[in-house]
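For reference, the structure is listed below as structure tokens.
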Amino acid sequence: MLDLNRVINQACSNRLILEKYAEALADGRRAERLAEAECRLCHYSRAHVGGQTITTWSCGLCGVTSRHGSTAVPCLCVTCARLRHLCRLCGSDLDDKSRRKL
Ligand SMILES: [Zn+2]
Ligand SMILES: [Zn+2]
């Protein structure tokens, strides 16, 4: 059932999401973001929030296994992400460029 509280809460939630997108587009913390090897969407939205538990995962490129404090495990280890200029969380290009090769 839709009521005024739900409309107000959804509008508030939408504003917060739009503010995160605007922040991602502006990329005001680019140096920090690149140092962490995270794409704009991952860095500013913190989209990779998962359940809190220790999860073992392996890098999608080199296969090294590691442990992570969430079920939303990274895609790549930081070393591979930095070497390939890819987001360690989702694997996207750090500058959102379309690539012809990995
Ligand atoms: Zn790796
Ligand atoms: Zn990402």
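A note on labels: chains of the structure tokens are A, B, ... as shown, every chain counts residues from 1, and ligands are counted from 1 in their shown order.
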Close residues to ligand 1 using only C-alpha atoms and all ligand atoms, limit 7 Å, as a short mmCIF file (atom, residue, chain, number, x, y, z; two decimals) with N, CA and C atoms, in the first residue's frame:
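Output below, filename out_4.cif:
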```cif
data_model
loop_
_atom_site.label_atom_id
_atom_site.label_comp_id
_atom_site.auth_asym_id
_atom_site.auth_seq_id
_atom_site.Cartn_x
_atom_site.Cartn_y
_atom_site.Cartn_z
N CYS A 59 41.57 -14.21 -7.08
CA CYS A 59 41.68 -13.16 -8.09
C CYS A 59 41.28 -13.72 -9.46
N GLY A 60 40.52 -12.95 -10.22
CA GLY A 60 40.05 -13.39 -11.53
C GLY A 60 41.13 -13.44 -12.59
N LEU A 61 42.30 -12.93 -12.29
CA LEU A 61 43.39 -12.98 -13.27
C LEU A 61 44.52 -13.91 -12.84
N CYS A 62 45.08 -13.69 -11.67
CA CYS A 62 46.25 -14.49 -11.26
C CYS A 62 45.86 -15.69 -10.41
N GLY A 63 44.64 -15.70 -9.89
CA GLY A 63 44.16 -16.84 -9.13
C GLY A 63 44.60 -16.89 -7.67
N VAL A 64 45.37 -15.89 -7.21
CA VAL A 64 45.80 -15.90 -5.83
C VAL A 64 44.55 -15.85 -4.92
N LEU A 76 39.33 -8.74 -8.46
CA LEU A 76 40.76 -8.86 -8.72
C LEU A 76 41.56 -8.51 -7.47
N CYS A 77 42.79 -9.04 -7.39
CA CYS A 77 43.68 -8.60 -6.32
C CYS A 77 44.17 -7.18 -6.69
N VAL A 78 44.62 -6.45 -5.72
CA VAL A 78 45.03 -5.05 -5.97
C VAL A 78 46.20 -4.99 -6.96
N THR A 79 47.11 -5.95 -6.87
CA THR A 79 48.27 -5.95 -7.77
C THR A 79 47.81 -6.08 -9.23
N CYS A 80 46.97 -7.06 -9.53
CA CYS A 80 46.47 -7.24 -10.90
C CYS A 80 45.64 -6.03 -11.33
#
```
(request) Select the residues contacting ligand 2 at a distance of at most 10 Å, based on only C-alpha atoms and all ligand atoms, then format the selection as number ranges by chain. (result) A: 37-48, 74-75, 86-94, 96
Mind dumping the selected residues with N, CA and C atoms as a PDB file, in the first residue's frame?
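Dumped to again.pdb:
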```pdb
ATOM      1  N   ALA A  37      42.355   1.434  -6.749  1.00  0.00           N
ATOM      2  CA  ALA A  37      41.993   0.636  -7.926  1.00  0.00           C
ATOM      3  C   ALA A  37      40.497   0.341  -7.954  1.00  0.00           C
ATOM      4  N   GLU A  38      39.716   1.408  -7.937  1.00  0.00           N
ATOM      5  CA  GLU A  38      38.258   1.270  -7.978  1.00  0.00           C
ATOM      6  C   GLU A  38      37.687   2.173  -9.065  1.00  0.00           C
ATOM      7  N   CYS A  39      36.709   1.673  -9.808  1.00  0.00           N
ATOM      8  CA  CYS A  39      36.051   2.482 -10.833  1.00  0.00           C
ATOM      9  C   CYS A  39      35.176   3.532 -10.140  1.00  0.00           C
ATOM     10  N   ARG A  40      34.716   4.491 -10.912  1.00  0.00           N
ATOM     11  CA  ARG A  40      33.915   5.573 -10.308  1.00  0.00           C
ATOM     12  C   ARG A  40      32.659   5.046  -9.621  1.00  0.00           C
ATOM     13  N   LEU A  41      31.979   4.123 -10.285  1.00  0.00           N
ATOM     14  CA  LEU A  41      30.723   3.631  -9.715  1.00  0.00           C
ATOM     15  C   LEU A  41      30.957   2.899  -8.389  1.00  0.00           C
ATOM     16  N   CYS A  42      31.955   2.033  -8.355  1.00  0.00           N
ATOM     17  CA  CYS A  42      32.241   1.288  -7.123  1.00  0.00           C
ATOM     18  C   CYS A  42      32.735   2.225  -6.027  1.00  0.00           C
ATOM     19  N   HIS A  43      33.619   3.147  -6.401  1.00  0.00           N
ATOM     20  CA  HIS A  43      34.226   4.003  -5.388  1.00  0.00           C
ATOM     21  C   HIS A  43      33.205   4.938  -4.734  1.00  0.00           C
ATOM     22  N   TYR A  44      32.382   5.553  -5.534  1.00  0.00           N
ATOM     23  CA  TYR A  44      31.459   6.554  -4.971  1.00  0.00           C
ATOM     24  C   TYR A  44      30.150   5.959  -4.478  1.00  0.00           C
ATOM     25  N   SER A  45      29.730   4.844  -5.038  1.00  0.00           N
ATOM     26  CA  SER A  45      28.441   4.287  -4.612  1.00  0.00           C
ATOM     27  C   SER A  45      28.591   3.253  -3.519  1.00  0.00           C
ATOM     28  N   ARG A  46      29.807   2.717  -3.376  1.00  0.00           N
ATOM     29  CA  ARG A  46      30.010   1.625  -2.421  1.00  0.00           C
ATOM     30  C   ARG A  46      28.987   0.540  -2.673  1.00  0.00           C
ATOM     31  N   ALA A  47      28.859   0.189  -3.977  1.00  0.00           N
ATOM     32  CA  ALA A  47      27.854  -0.791  -4.390  1.00  0.00           C
ATOM     33  C   ALA A  47      28.169  -2.201  -3.923  1.00  0.00           C
ATOM     34  N   HIS A  48      29.416  -2.457  -3.594  1.00  0.00           N
ATOM     35  CA  HIS A  48      29.797  -3.816  -3.223  1.00  0.00           C
ATOM     36  C   HIS A  48      29.677  -4.040  -1.716  1.00  0.00           C
ATOM     37  N   PRO A  74      35.964  -9.013  -3.853  1.00  0.00           N
ATOM     38  CA  PRO A  74      36.520  -8.299  -5.004  1.00  0.00           C
ATOM     39  C   PRO A  74      36.622  -9.230  -6.222  1.00  0.00           C
ATOM     40  N   CYS A  75      36.821  -8.630  -7.375  1.00  0.00           N
ATOM     41  CA  CYS A  75      36.993  -9.369  -8.628  1.00  0.00           C
ATOM     42  C   CYS A  75      38.468  -9.683  -8.851  1.00  0.00           C
ATOM     43  N   LEU A  86      42.417  -1.759 -13.924  1.00  0.00           N
ATOM     44  CA  LEU A  86      41.045  -2.255 -13.810  1.00  0.00           C
ATOM     45  C   LEU A  86      40.538  -2.074 -12.383  1.00  0.00           C
ATOM     46  N   CYS A  87      39.229  -2.032 -12.228  1.00  0.00           N
ATOM     47  CA  CYS A  87      38.616  -1.926 -10.902  1.00  0.00           C
ATOM     48  C   CYS A  87      38.785  -3.255 -10.169  1.00  0.00           C
ATOM     49  N   ARG A  88      39.332  -3.195  -8.972  1.00  0.00           N
ATOM     50  CA  ARG A  88      39.532  -4.420  -8.203  1.00  0.00           C
ATOM     51  C   ARG A  88      38.201  -5.027  -7.752  1.00  0.00           C
ATOM     52  N   LEU A  89      37.151  -4.221  -7.707  1.00  0.00           N
ATOM     53  CA  LEU A  89      35.869  -4.715  -7.211  1.00  0.00           C
ATOM     54  C   LEU A  89      35.001  -5.335  -8.305  1.00  0.00           C
ATOM     55  N   CYS A  90      34.886  -4.645  -9.457  1.00  0.00           N
ATOM     56  CA  CYS A  90      33.981  -5.151 -10.496  1.00  0.00           C
ATOM     57  C   CYS A  90      34.689  -5.552 -11.783  1.00  0.00           C
ATOM     58  N   GLY A  91      35.970  -5.165 -11.955  1.00  0.00           N
ATOM     59  CA  GLY A  91      36.727  -5.543 -13.137  1.00  0.00           C
ATOM     60  C   GLY A  91      36.620  -4.569 -14.298  1.00  0.00           C
ATOM     61  N   SER A  92      35.889  -3.488 -14.127  1.00  0.00           N
ATOM     62  CA  SER A  92      35.744  -2.494 -15.197  1.00  0.00           C
ATOM     63  C   SER A  92      37.042  -1.711 -15.389  1.00  0.00           C
ATOM     64  N   ASP A  93      37.196  -1.088 -16.554  1.00  0.00           N
ATOM     65  CA  ASP A  93      38.319  -0.186 -16.796  1.00  0.00           C
ATOM     66  C   ASP A  93      38.191   1.004 -15.836  1.00  0.00           C
ATOM     67  N   LEU A  94      39.314   1.434 -15.272  1.00  0.00           N
ATOM     68  CA  LEU A  94      39.258   2.522 -14.273  1.00  0.00           C
ATOM     69  C   LEU A  94      38.851   3.861 -14.870  1.00  0.00           C
ATOM     70  N   ASP A  96      36.623   3.917 -17.470  1.00  0.00           N
ATOM     71  CA  ASP A  96      35.375   3.590 -18.180  1.00  0.00           C
ATOM     72  C   ASP A  96      35.567   3.492 -19.689  1.00  0.00           C
TER      73      ASP A  96
END
```
(request) Apply DSSP to the structure's backbone, then extract all residues of chain A labelled alpha helix (DSSP H) and return them as a ChimeraX atom specification. (result) /A:4-26,30-35,40-45,78-84
(request) as a PyMOL selection string, list the residues of chain A assigned to strand (DSSP E or B) by DSSP on the backbone atoms of this structure. (result) chain A and resi 55-58+65-68+86+93
What would the file look like if the residues just selected were written as a PDB file, in the first residue's frame with C-alpha atoms?
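Result saved to out_12.pdb:
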```pdb
ATOM      1  CA  THR A  55      34.911 -15.167   2.692  1.00  0.00           C
ATOM      2  CA  THR A  56      37.733 -16.823   0.760  1.00  0.00           C
ATOM      3  CA  TRP A  57      38.010 -15.657  -2.838  1.00  0.00           C
ATOM      4  CA  SER A  58      40.490 -15.845  -5.690  1.00  0.00           C
ATOM      5  CA  THR A  65      43.424 -16.665  -2.961  1.00  0.00           C
ATOM      6  CA  SER A  66      42.723 -14.217  -0.207  1.00  0.00           C
ATOM      7  CA  ARG A  67      40.202 -13.590   2.536  1.00  0.00           C
ATOM      8  CA  HIS A  68      37.672 -10.791   2.583  1.00  0.00           C
ATOM      9  CA  LEU A  86      41.045  -2.255 -13.810  1.00  0.00           C
ATOM     10  CA  ASP A  93      38.319  -0.186 -16.796  1.00  0.00           C
TER      11      ASP A  93
END
```
(message) What does the structure give for the distance between atom CA of Arg99 of chain A and atom CA of Leu83 of chain A, in Å to one decimal?
(response) 15.1 Å
